[in-house]
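Everything below belongs to protein-v1.cif, which stores mmCIF, C-alpha atoms and all ligand atoms.
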data_start
loop_
_atom_site.label_atom_id
_atom_site.label_comp_id
_atom_site.auth_asym_id
_atom_site.auth_seq_id
_atom_site.Cartn_x
_atom_site.Cartn_y
_atom_site.Cartn_z
CA MET A 1 11.07 -5.09 -6.21
CA ILE A 2 10.57 -6.12 -9.84
CA SER A 3 9.01 -9.53 -10.31
CA THR A 4 11.36 -11.96 -11.97
CA ASN A 5 8.76 -14.61 -12.75
CA THR A 6 8.77 -14.83 -16.54
CA ASP A 7 5.52 -16.87 -16.57
CA ILE A 8 3.51 -13.80 -15.63
CA LYS A 9 1.26 -12.75 -18.49
CA PRO A 10 2.07 -9.15 -19.45
CA LEU A 11 -0.86 -6.74 -19.41
CA ASP A 12 -2.23 -5.40 -22.65
CA VAL A 13 -2.45 -1.91 -21.20
CA ALA A 14 -3.76 -0.28 -24.39
CA ALA A 15 -6.69 -2.71 -24.46
CA MET A 16 -7.14 -2.37 -20.73
CA ARG A 17 -7.48 1.40 -20.96
CA LYS A 18 -10.47 1.02 -23.28
CA GLU A 19 -12.33 -0.67 -20.43
CA PHE A 20 -12.17 2.54 -18.37
CA PRO A 21 -14.32 5.21 -20.06
CA VAL A 22 -13.08 8.09 -17.90
CA LEU A 23 -9.56 7.67 -19.27
CA GLU A 24 -10.78 9.04 -22.59
CA ARG A 25 -11.61 12.44 -21.19
CA LYS A 26 -9.55 15.59 -21.43
CA VAL A 27 -8.63 17.79 -18.47
CA LYS A 28 -7.64 21.38 -19.21
CA GLY A 29 -7.36 20.40 -22.85
CA ARG A 30 -4.90 17.57 -22.15
CA ASN A 31 -5.29 13.80 -22.00
CA LEU A 32 -6.13 12.85 -18.43
CA VAL A 33 -3.24 11.26 -16.55
CA TYR A 34 -4.87 9.72 -13.50
CA PHE A 35 -2.33 9.11 -10.74
CA ASP A 36 -4.68 9.36 -7.77
CA ASN A 37 -5.49 5.68 -7.56
CA ALA A 38 -4.65 5.32 -3.88
CA ALA A 39 -7.48 7.75 -3.17
CA THR A 40 -9.89 5.90 -5.43
CA ALA A 41 -9.45 3.79 -8.54
CA GLN A 42 -11.36 4.40 -11.78
CA LYS A 43 -14.20 2.05 -12.68
CA PRO A 44 -14.26 -0.35 -15.62
CA LYS A 45 -17.32 -0.63 -17.89
CA VAL A 46 -18.33 -3.94 -16.30
CA VAL A 47 -18.81 -2.19 -12.95
CA ILE A 48 -20.73 0.73 -14.46
CA ASN A 49 -22.87 -1.72 -16.45
CA ALA A 50 -23.56 -3.88 -13.39
CA LEU A 51 -24.87 -0.80 -11.57
CA MET A 52 -27.07 0.16 -14.50
CA HIS A 53 -28.29 -3.39 -14.98
CA TYR A 54 -29.28 -3.64 -11.32
CA TYR A 55 -31.33 -0.44 -11.41
CA GLN A 56 -32.83 -1.18 -14.82
CA GLN A 57 -33.67 -4.83 -14.27
CA TYR A 58 -34.05 -5.95 -10.66
CA ASN A 59 -33.92 -3.11 -8.15
CA ALA A 60 -35.61 -4.42 -5.00
CA ASN A 61 -34.99 -4.60 -1.29
CA ILE A 62 -33.19 -7.75 -0.27
CA HIS A 63 -33.75 -10.66 2.12
CA ARG A 64 -37.35 -9.67 2.87
CA GLY A 65 -39.32 -10.16 -0.31
CA ILE A 66 -40.63 -13.29 -1.96
CA HIS A 67 -41.23 -11.71 -5.37
CA SER A 68 -38.86 -12.36 -8.27
CA LEU A 69 -37.07 -9.04 -8.20
CA ALA A 70 -36.37 -9.33 -4.46
CA GLU A 71 -35.03 -12.83 -4.97
CA GLU A 72 -32.79 -11.75 -7.84
CA ALA A 73 -31.46 -8.77 -5.88
CA THR A 74 -30.83 -10.95 -2.81
CA ALA A 75 -29.03 -13.56 -4.89
CA ALA A 76 -26.82 -10.92 -6.51
CA PHE A 77 -26.04 -9.26 -3.17
CA GLU A 78 -25.14 -12.57 -1.55
CA ALA A 79 -23.09 -13.59 -4.59
CA THR A 80 -20.78 -10.66 -3.83
CA ARG A 81 -20.30 -12.06 -0.34
CA ASP A 82 -19.16 -15.36 -1.85
CA THR A 83 -16.78 -13.60 -4.22
CA VAL A 84 -15.29 -11.54 -1.38
CA GLN A 85 -14.89 -14.71 0.68
CA GLN A 86 -12.84 -16.21 -2.13
CA PHE A 87 -10.96 -12.99 -2.81
CA ILE A 88 -9.56 -12.90 0.73
CA ASN A 89 -9.80 -16.66 1.38
CA ALA A 90 -12.00 -16.44 4.45
CA THR A 91 -13.07 -19.76 5.96
CA HIS A 92 -16.77 -18.91 6.25
CA ARG A 93 -19.01 -16.66 4.14
CA GLU A 94 -20.64 -15.32 7.33
CA GLU A 95 -17.26 -13.83 8.29
CA ILE A 96 -17.81 -11.27 5.52
CA ILE A 97 -19.70 -8.24 6.84
CA PHE A 98 -20.67 -5.52 4.38
CA THR A 99 -19.93 -1.99 5.57
CA GLY A 100 -19.68 1.43 3.98
CA GLY A 101 -15.89 1.11 3.73
CA VAL A 102 -12.72 0.73 5.76
CA THR A 103 -13.58 3.66 8.02
CA GLU A 104 -16.89 2.12 9.00
CA GLY A 105 -15.32 -1.31 9.48
CA ILE A 106 -12.75 0.01 11.94
CA ASN A 107 -15.35 2.07 13.78
CA LEU A 108 -17.54 -1.02 14.00
CA VAL A 109 -14.78 -3.02 15.67
CA ALA A 110 -13.86 -0.15 18.01
CA ALA A 111 -17.47 0.39 19.05
CA THR A 112 -18.32 -3.29 19.58
CA TRP A 113 -15.29 -5.46 20.24
CA GLY A 114 -13.44 -2.45 21.65
CA ARG A 115 -16.14 -1.40 24.11
CA GLN A 116 -16.55 -4.98 25.20
CA ASN A 117 -12.88 -5.78 25.69
CA VAL A 118 -10.97 -2.60 26.48
CA SER A 119 -11.00 -1.21 30.03
CA GLU A 120 -9.26 1.44 32.08
CA GLY A 121 -5.47 1.13 31.97
CA ASP A 122 -5.46 -1.09 28.86
CA GLU A 123 -3.33 -0.39 25.79
CA ILE A 124 -3.90 -0.50 22.04
CA ILE A 125 -0.96 -0.59 19.64
CA ILE A 126 -1.08 1.17 16.28
CA SER A 127 1.78 2.52 14.14
CA ALA A 128 3.23 5.85 13.13
CA MET A 129 2.03 5.39 9.53
CA GLU A 130 -1.67 4.87 10.16
CA HIS A 131 -4.40 6.62 8.21
CA HIS A 132 -6.61 8.76 10.46
CA SER A 133 -9.27 6.04 10.06
CA ASN A 134 -7.07 3.70 12.05
CA ILE A 135 -6.12 6.29 14.65
CA VAL A 136 -9.20 8.30 15.59
CA PRO A 137 -11.61 5.40 16.37
CA TRP A 138 -9.01 3.97 18.79
CA GLN A 139 -8.33 7.38 20.26
CA MET A 140 -12.08 7.82 20.87
CA LEU A 141 -12.24 4.40 22.50
CA CYS A 142 -9.19 5.14 24.66
CA LEU A 143 -10.72 8.42 25.77
CA GLU A 144 -13.96 6.69 26.73
CA LYS A 145 -12.25 3.81 28.52
CA LYS A 146 -9.22 5.66 29.92
CA ALA A 147 -6.95 3.40 27.91
CA THR A 148 -3.71 4.34 26.12
CA LEU A 149 -2.57 4.29 22.50
CA LYS A 150 0.96 3.05 21.88
CA ILE A 151 2.71 3.79 18.61
CA ILE A 152 5.10 1.54 16.65
CA PRO A 153 7.84 3.89 15.40
CA ILE A 154 9.14 3.87 11.82
CA ASN A 155 12.59 4.45 10.38
CA ASP A 156 13.57 7.08 7.78
CA LYS A 157 12.71 4.74 4.90
CA GLY A 158 9.19 4.38 6.27
CA GLU A 159 9.44 0.87 7.70
CA PHE A 160 8.33 -0.41 11.10
CA VAL A 161 11.04 -0.64 13.75
CA MET A 162 10.17 -4.20 14.71
CA ASP A 163 12.30 -4.33 17.91
CA GLU A 164 10.38 -1.37 19.23
CA TYR A 165 7.09 -3.08 18.38
CA GLU A 166 7.99 -6.06 20.53
CA LYS A 167 8.93 -3.74 23.38
CA LEU A 168 5.52 -2.04 23.25
CA ILE A 169 3.66 -5.26 23.97
CA SER A 170 2.67 -5.59 27.62
CA PRO A 171 0.14 -7.57 29.68
CA LYS A 172 -2.14 -4.56 29.23
CA THR A 173 -2.14 -4.70 25.41
CA LYS A 174 -5.63 -5.57 24.19
CA LEU A 175 -5.32 -5.06 20.42
CA VAL A 176 -2.84 -4.34 17.64
CA ALA A 177 -4.32 -2.37 14.70
CA ILE A 178 -1.99 -1.78 11.76
CA VAL A 179 -2.05 -0.79 8.14
CA HIS A 180 -1.06 -3.51 5.66
CA ALA A 181 0.20 -1.05 3.02
CA SER A 182 0.68 2.64 3.71
CA ASN A 183 -1.37 5.02 1.59
CA SER A 184 1.18 7.81 1.82
CA LEU A 185 4.47 5.90 1.62
CA GLY A 186 3.51 2.69 -0.11
CA THR A 187 5.32 0.59 2.50
CA ILE A 188 4.08 -3.00 2.70
CA ASN A 189 4.28 -3.96 6.34
CA PRO A 190 5.30 -7.43 7.61
CA VAL A 191 1.81 -8.18 8.88
CA LYS A 192 2.34 -11.91 9.26
CA GLU A 193 5.26 -11.35 11.60
CA ILE A 194 3.37 -8.67 13.53
CA ILE A 195 0.39 -10.98 13.95
CA GLU A 196 2.53 -13.92 14.97
CA ILE A 197 4.20 -11.87 17.70
CA ALA A 198 0.86 -10.48 18.92
CA HIS A 199 -0.68 -13.95 18.98
CA GLN A 200 2.16 -15.25 21.13
CA HIS A 201 0.66 -12.91 23.74
CA ASN A 202 -2.96 -13.76 22.83
CA ILE A 203 -3.52 -10.30 21.40
CA PRO A 204 -5.85 -10.02 18.39
CA VAL A 205 -4.80 -7.99 15.35
CA LEU A 206 -6.82 -5.81 13.00
CA VAL A 207 -5.30 -5.20 9.58
CA ASP A 208 -6.27 -2.13 7.55
CA GLY A 209 -6.31 -3.50 4.01
CA ALA A 210 -7.49 -0.30 2.31
CA GLN A 211 -4.38 -0.15 0.15
CA SER A 212 -3.30 -3.77 0.10
CA ALA A 213 -6.42 -5.59 -1.11
CA VAL A 214 -6.09 -4.16 -4.61
CA HIS A 215 -2.39 -4.96 -5.06
CA LEU A 216 -1.53 -7.99 -2.94
CA ASP A 217 -2.94 -11.49 -2.71
CA ILE A 218 -4.95 -11.51 0.48
CA ASP A 219 -5.28 -14.74 2.41
CA VAL A 220 -6.75 -13.98 5.81
CA GLN A 221 -6.31 -17.60 6.92
CA ASP A 222 -2.64 -17.64 6.09
CA MET A 223 -2.15 -14.13 7.52
CA ASP A 224 -4.13 -15.26 10.58
CA CYS A 225 -5.41 -11.73 11.21
CA ASP A 226 -8.41 -11.45 13.49
CA PHE A 227 -10.00 -8.58 11.57
CA PHE A 228 -9.34 -7.31 8.05
CA VAL A 229 -11.03 -4.31 6.46
CA LEU A 230 -11.18 -3.17 2.84
CA SER A 231 -13.03 -0.67 0.63
CA SER A 232 -14.54 -1.52 -2.75
CA HIS A 233 -13.70 1.82 -4.35
CA LYS A 234 -9.95 1.19 -4.07
CA ILE A 235 -10.40 -2.10 -5.97
CA TYR A 236 -12.08 -0.59 -9.06
CA GLY A 237 -15.51 -1.03 -7.44
CA PRO A 238 -18.14 1.52 -6.44
CA THR A 239 -17.84 3.90 -3.51
CA GLY A 240 -19.86 3.34 -0.36
CA VAL A 241 -19.17 -0.38 0.05
CA GLY A 242 -16.60 -2.08 2.18
CA VAL A 243 -15.95 -5.30 4.00
CA LEU A 244 -15.15 -6.19 7.54
CA TYR A 245 -13.75 -9.68 7.82
CA GLY A 246 -13.62 -11.09 11.33
CA LYS A 247 -12.90 -14.54 12.68
CA LYS A 248 -16.25 -16.18 13.30
CA GLU A 249 -15.66 -16.85 16.97
CA LEU A 250 -14.82 -13.17 17.57
CA LEU A 251 -17.78 -11.86 15.56
CA GLU A 252 -20.12 -14.18 17.41
CA GLU A 253 -19.01 -12.84 20.77
CA MET A 254 -19.33 -9.20 19.72
CA PRO A 255 -22.45 -7.14 20.39
CA PRO A 256 -24.18 -5.62 17.35
CA TYR A 257 -23.09 -2.24 16.02
CA MET A 258 -26.32 -0.59 14.86
CA GLY A 259 -29.81 -1.60 15.83
CA GLY A 260 -32.61 -1.79 13.30
CA GLY A 261 -34.16 -3.98 10.65
CA GLU A 262 -32.45 -7.13 9.41
CA MET A 263 -30.09 -7.47 12.39
CA ILE A 264 -32.80 -8.96 14.63
CA LYS A 265 -34.34 -12.38 15.14
CA GLU A 266 -37.24 -11.28 17.29
CA VAL A 267 -38.31 -7.94 18.75
CA THR A 268 -40.74 -7.23 21.56
CA PHE A 269 -40.94 -4.02 23.55
CA ASP A 270 -39.18 -5.82 26.39
CA HIS A 271 -36.46 -7.64 24.56
CA THR A 272 -34.69 -8.17 21.23
CA THR A 273 -32.75 -11.21 20.08
CA TYR A 274 -30.18 -10.67 17.36
CA ASN A 275 -29.84 -12.28 13.98
CA GLU A 276 -27.04 -14.68 13.15
CA LEU A 277 -23.86 -13.71 11.33
CA PRO A 278 -23.34 -11.82 9.11
CA TYR A 279 -26.75 -10.10 9.38
CA LYS A 280 -26.25 -9.18 13.05
CA PHE A 281 -23.91 -6.45 11.77
CA GLU A 282 -25.92 -5.39 8.72
CA ALA A 283 -28.77 -3.30 10.11
CA GLY A 284 -31.10 -1.52 7.70
CA THR A 285 -31.24 -1.57 3.92
CA PRO A 286 -27.65 -1.91 2.77
CA ASN A 287 -26.02 -0.35 -0.27
CA ILE A 288 -27.43 -3.05 -2.53
CA ALA A 289 -26.58 -1.68 -5.98
CA ASP A 290 -22.96 -0.87 -5.19
CA THR A 291 -22.45 -4.15 -3.38
CA VAL A 292 -23.79 -6.03 -6.40
CA ALA A 293 -21.47 -4.07 -8.71
CA PHE A 294 -18.51 -4.68 -6.40
CA LYS A 295 -18.63 -8.32 -7.52
CA ALA A 296 -18.08 -7.18 -11.10
CA ALA A 297 -14.95 -5.30 -9.96
CA LEU A 298 -13.53 -8.32 -8.16
CA ASP A 299 -14.29 -10.61 -11.10
CA PHE A 300 -12.56 -8.09 -13.37
CA VAL A 301 -9.43 -7.99 -11.20
CA ASN A 302 -9.39 -11.78 -10.96
CA GLU A 303 -9.74 -12.10 -14.71
CA VAL A 304 -6.93 -9.66 -15.46
CA GLY A 305 -4.85 -11.40 -12.81
CA LYS A 306 -3.34 -9.81 -9.74
CA GLU A 307 0.13 -11.12 -10.55
CA SER A 308 0.11 -9.42 -13.96
CA ILE A 309 -1.27 -6.21 -12.48
CA ARG A 310 1.36 -6.27 -9.77
CA ALA A 311 4.25 -6.84 -12.17
CA HIS A 312 3.06 -3.92 -14.31
CA GLU A 313 2.59 -1.60 -11.33
CA GLU A 314 5.95 -2.56 -9.82
CA ALA A 315 7.72 -1.73 -13.08
CA LEU A 316 5.95 1.64 -13.25
CA THR A 317 6.78 2.41 -9.63
CA LYS A 318 10.45 1.61 -10.10
CA TYR A 319 10.57 3.70 -13.27
CA ALA A 320 8.81 6.65 -11.60
CA MET A 321 11.07 6.53 -8.55
CA GLU A 322 14.17 6.53 -10.74
CA LYS A 323 12.94 9.35 -12.97
CA LEU A 324 11.56 11.55 -10.20
CA SER A 325 14.56 11.20 -7.93
CA GLY A 326 16.71 12.31 -10.89
CA ILE A 327 15.02 15.72 -10.92
CA GLU A 328 17.02 18.31 -9.01
CA GLY A 329 15.29 19.32 -5.77
CA VAL A 330 12.96 16.31 -5.63
CA ARG A 331 13.19 14.12 -2.54
CA LEU A 332 11.32 10.81 -2.28
CA VAL A 333 9.47 10.15 0.97
CA GLY A 334 9.03 6.46 1.64
CA THR A 335 11.73 4.23 0.21
CA ALA A 336 10.88 0.96 1.94
CA ARG A 337 12.17 -2.25 0.43
CA HIS A 338 8.64 -3.60 -0.07
CA LYS A 339 6.27 -1.10 -1.59
CA THR A 340 2.98 -0.90 -3.42
CA SER A 341 2.64 1.46 -6.38
CA VAL A 342 2.73 4.69 -4.39
CA VAL A 343 5.43 7.30 -4.98
CA SER A 344 5.45 10.21 -2.53
CA PHE A 345 7.85 13.11 -2.88
CA ILE A 346 8.52 16.67 -1.90
CA VAL A 347 10.41 19.51 -3.51
CA ASP A 348 12.54 21.49 -1.10
CA GLY A 349 11.15 24.95 -0.58
CA VAL A 350 7.93 24.34 -2.54
CA HIS A 351 4.53 23.57 -1.05
CA PRO A 352 3.09 20.28 -2.40
CA GLN A 353 -0.24 21.95 -3.14
CA ASP A 354 1.36 24.42 -5.55
CA ILE A 355 2.81 21.50 -7.48
CA GLY A 356 -0.56 19.76 -7.50
CA ILE A 357 -2.26 22.82 -8.98
CA LEU A 358 0.33 23.16 -11.74
CA LEU A 359 0.22 19.46 -12.57
CA ASP A 360 -3.57 19.67 -12.87
CA ASN A 361 -3.05 22.33 -15.51
CA TYR A 362 -1.20 19.67 -17.51
CA GLY A 363 -4.08 17.20 -17.00
CA ILE A 364 -2.18 15.20 -14.37
CA ALA A 365 -4.16 14.18 -11.28
CA VAL A 366 -1.97 13.61 -8.22
CA ARG A 367 -2.84 13.97 -4.57
CA THR A 368 -1.10 16.53 -2.39
CA GLY A 369 -1.22 17.12 1.34
CA HIS A 370 -1.06 14.95 4.43
CA HIS A 371 -3.09 12.08 2.91
CA CYS A 372 -5.03 11.68 6.19
CA CYS A 373 -1.75 10.81 7.92
CA GLN A 374 -0.90 13.95 9.85
CA PRO A 375 1.14 12.16 12.56
CA LEU A 376 3.20 10.53 9.79
CA MET A 377 3.89 13.91 8.17
CA ASN A 378 4.94 15.20 11.62
CA ARG A 379 7.30 12.24 11.89
CA PHE A 380 9.02 13.36 8.67
CA GLU A 381 8.71 17.04 9.66
CA ILE A 382 6.97 17.94 6.40
CA PRO A 383 3.58 19.55 5.74
CA GLY A 384 2.66 16.92 3.19
CA THR A 385 3.83 15.27 -0.01
CA VAL A 386 2.92 15.02 -3.66
CA ARG A 387 1.68 11.48 -4.21
CA ALA A 388 1.47 9.64 -7.51
CA SER A 389 -0.18 6.23 -7.21
CA PHE A 390 -0.47 3.80 -10.09
CA ALA A 391 -3.10 1.35 -11.26
CA MET A 392 -3.30 -1.34 -13.92
CA TYR A 393 -4.18 1.19 -16.65
CA ASN A 394 -1.27 3.59 -16.14
CA THR A 395 1.64 3.73 -18.57
CA LYS A 396 5.32 4.65 -18.73
CA GLU A 397 4.39 7.46 -21.13
CA GLU A 398 2.16 8.91 -18.43
CA VAL A 399 5.05 8.78 -15.96
CA ASP A 400 7.12 10.68 -18.56
CA GLU A 401 4.33 13.30 -18.65
CA LEU A 402 4.55 13.59 -14.86
CA VAL A 403 8.31 14.02 -15.00
CA LYS A 404 8.00 16.70 -17.69
CA GLY A 405 5.26 18.39 -15.69
CA MET A 406 7.40 18.34 -12.56
CA GLU A 407 10.37 19.87 -14.36
CA LYS A 408 8.17 22.69 -15.66
CA ALA A 409 6.48 23.19 -12.27
CA ILE A 410 9.79 23.40 -10.43
CA LYS A 411 11.11 25.96 -12.92
CA MET A 412 8.04 28.11 -12.31
CA LEU A 413 7.95 27.76 -8.53
CA LYS A 414 11.61 27.97 -7.59
C1 LIG B 501 -4.64 3.09 4.54
C2 LIG B 501 -6.04 3.61 4.53
N1 LIG B 501 -6.85 3.34 5.56
C3 LIG B 501 -8.12 3.76 5.59
C4 LIG B 501 -8.65 4.49 4.57
C5 LIG B 501 -10.08 4.91 4.62
O1 LIG B 501 -10.80 4.26 3.61
P1 LIG B 501 -12.29 4.71 3.26
O2 LIG B 501 -12.23 6.18 3.05
O3 LIG B 501 -12.62 3.95 2.02
O4 LIG B 501 -13.13 4.34 4.43
C6 LIG B 501 -7.85 4.81 3.47
C7 LIG B 501 -8.36 5.65 2.37
O5 LIG B 501 -7.62 6.32 1.70
C8 LIG B 501 -6.52 4.35 3.46
O6 LIG B 501 -5.72 4.60 2.42
#
Give the structure from the file, written as structure tokens.
Amino acid sequence: MISTNTDIKPLDVAAMRKEFPVLERKVKGRNLVYFDNAATAQKPKVVINALMHYYQQYNANIHRGIHSLAEEATAAFEATRDTVQQFINATHREEIIFTGGVTEGINLVAATWGRQNVSEGDEIIISAMEHHSNIVPWQMLCLEKKATLKIIPINDKGEFVMDEYEKLISPKTKLVAIVHASNSLGTINPVKEIIEIAHQHNIPVLVDGAQSAVHLDIDVQDMDCDFFVLSSHKIYGPTGVGVLYGKKELLEEMPPYMGGGEMIKEVTFDHTTYNELPYKFEAGTPNIADTVAFKAALDFVNEVGKESIRAHEEALTKYAMEKLSGIEGVRLVGTARHKTSVVSFIVDGVHPQDIGILLDNYGIAVRTGHHCCQPLMNRFEIPGTVRASFAMYNTKEEVDELVKGMEKAIKMLK
């Protein structure tokens, strides 16, 4: 798992930490150890400043105004679209649709492409490790259309059973919707292979990039996915902004999601014609400030360098897995060969929430519970896990704090 490329520039983590003001705060009298990055990442000063600058200098509604502030706001908003296009290597800028996040992006596809293309008796394939956001919208669609959800099983390490995936494909399969990297196990799924197989049967594929966009290099052209969704807040950007990428020819065929301002060309009481891409899917005043600041987050990540971030996070993950699995009673959940920086574990006989509460007393923020993956927890026959997830600003010393905290917590709870 560790990168062996010696050309990768090591991160100056101490300097990096100074860019994230929240890391200076104390929790319960201790230095904050923030290991809940898979839920949301902390925000660097450049993002916070971009938000402030927008509101202090050029807050205006976009696309509609001809005054200077409206033009500046529009230019900044559209500049984020260009940066996202580059970040995921989309062919066209109009393939980038701004949403409120991954959840909205998936619901958009289910409600538009799904309603248009899925009929009674059809099948949609998802996997056993999906987040509820990539289960429930498809379940709702299946209920409406009398279609069926099929589930790719996973093995005990938390990896797709690829033979079973191939067996699930049938002439009735209309879509494959899978997570790129699991939020609860960290598993990086072989999306290229999954897409290639689906495409051999002319089945489009949606990839949930909520957890992958921050860690992996995303190239939607190379991946050849038909839809890709991401959330800004997982990539050090503000909450309330996300992206739906779709292949232009698919987006053009799809009906709009919400009706309202901006998504129209012409409205009469008899008839409405819709705007061109991407505006057809961006009804109403969007989340302008957060979208503008999202660009600052992407620029920041690009400047630090994803390769360097990844090498640092991989080293931390390996170290944490070694240290945690050495503690008596701790069992790792999710030991796939290819993982992002997520370490999930349970302690036999102890509820994950009790551990989470004790760790918080030591200033350590982890997530406990089912991580919005209840079917996955059922698959492992556990109520939930304790999840530590690492970002560019985390350190080995913080992992040592977690290990110490775990040893103390286990002594108290067992
Ligand atoms: C894998 C995965 N999919 C979907 C989501 C939903 O993302 P959001 O809450 O930003 O819409 C998350 C959030 O944790 C996630 O980890």
Cut-off 8 Å, only C-alpha atoms and all ligand atoms, neighbours of ligand LIG 501 (chain B) as a VMD selection string:
chain A and resid 38 to 40 100 to 105 130 to 134 179 to 184 208 to 211 230 to 234 239 to 240 242 371 to 372
Spatial neighbours of region 60-71 of chain A, 8 Å, only C-alpha atoms, chain gap at least 5 places, as a compact mmCIF listing (two decimals) with C-alpha atoms, in the frame of the given file:
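Everything below was put into around_5.txt:
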# COMPACT_ATOMS: atom_id res chain seq x y z
CA PHE A 77 -26.04 -9.26 -3.17
CA THR A 285 -31.24 -1.57 3.92
CA ILE A 288 -27.43 -3.05 -2.53
Pull the neighbourhood of (-11.4, -7.3, 20.6) for me: all residues within 10 Å in file coordinates, counting all atoms listed in the file, as an MDAnalysis selection string.
chainID A and resid 109:118 174:176 203:206 226:227 250:251 253:254
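Comparing A:Val136, A:Ala336, A:Met406, A:Ile96 by their smallest distance to Gln374 (chain A), the closest is A:Val136 (using only C-alpha atoms).
Our summary of the geometry notes that CA of Pro238 (chain A) is positioned 20.6 Å from CA of Leu108 (chain A).
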Neighbours of Gly186 (chain A) within 7 Å (only C-alpha atoms; same-chain residues fewer than 5 positions away dropped), as a ChimeraX atom specification?
/A:181,334,339-343
Just the residues within 12 Å of region 152-154 of chain A, please, counting only C-alpha atoms, with nothing from its chain fewer than 2 positions along; format it as a ChimeraX atom specification.
/A:124-130,149-150,156-169,176-179,182,185,187,189,194,334-336,375-377,379-380
Give me the residues within 10 Å of Val46 (chain A) as a PyMOL selection string, counting only C-alpha atoms and dropping any in the same chain fewer than 6 places off.
chain A and resi 19-20+52+237+293-297+299-300
Excluding same-chain residues fewer than 6 positions from Ile88 (chain A), what lies within 12 Å of it counting only C-alpha atoms, as a list of chain:residue names?
A:Arg81, A:Asp82, A:Glu95, A:Ile96, A:Gly209, A:Ser212, A:Ala213, A:Val214, A:Leu216, A:Asp217, A:Ile218, A:Asp219, A:Val220, A:Gln221, A:Asp222, A:Met223, A:Asp224, A:Cys225, A:Phe227, A:Phe228, A:Val229, A:Leu230, A:Val243, A:Leu244, A:Tyr245, A:Gly246, A:Leu298, A:Asn302
Kindly indicate which residue among A:His271, A:Arg17, A:His215, A:Arg30 lies nearest to Ile235 (chain A), using all atoms listed in the file for the distances.
A:His215
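Going from CA of Val350 (chain A) to CA of Lys414 (chain A) covers 7.2 Å.
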Record the distance separating CA of Pro352 (chain A) and CA of Ala388 (chain A), expressed in Å with one decimal.
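Here the two named atoms are 11.9 Å from each other.
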For Lys247 (chain A), the nearest of the candidates A:Met16, A:Ile364, A:Ile97, A:Val22, counting only C-alpha atoms:
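Of the candidates, the smallest distance to Lys247 (chain A) is held by A:Ile97.
Among the candidates A:Thr268, A:Ala289, A:Pro171, A:Ile188, the one nearest to Asn202 (chain A) when counting all atoms listed in the file is A:Pro171.
Ranking A:Asn394, A:Gln200, A:Asn59, A:Asn89 by their shortest atom-to-atom distance to Ala315 (chain A), with only C-alpha atoms included, puts A:Asn394 first.
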Box in all listed atoms of region 104-116 of chain A, axis-aligned, with 4 Å more on each side; write out centre and edge lengths in Å to one decimal as JSON.
{"center_x": -15.5, "center_y": -1.7, "center_z": 17.1, "size_x": 13.6, "size_y": 15.6, "size_z": 24.2}
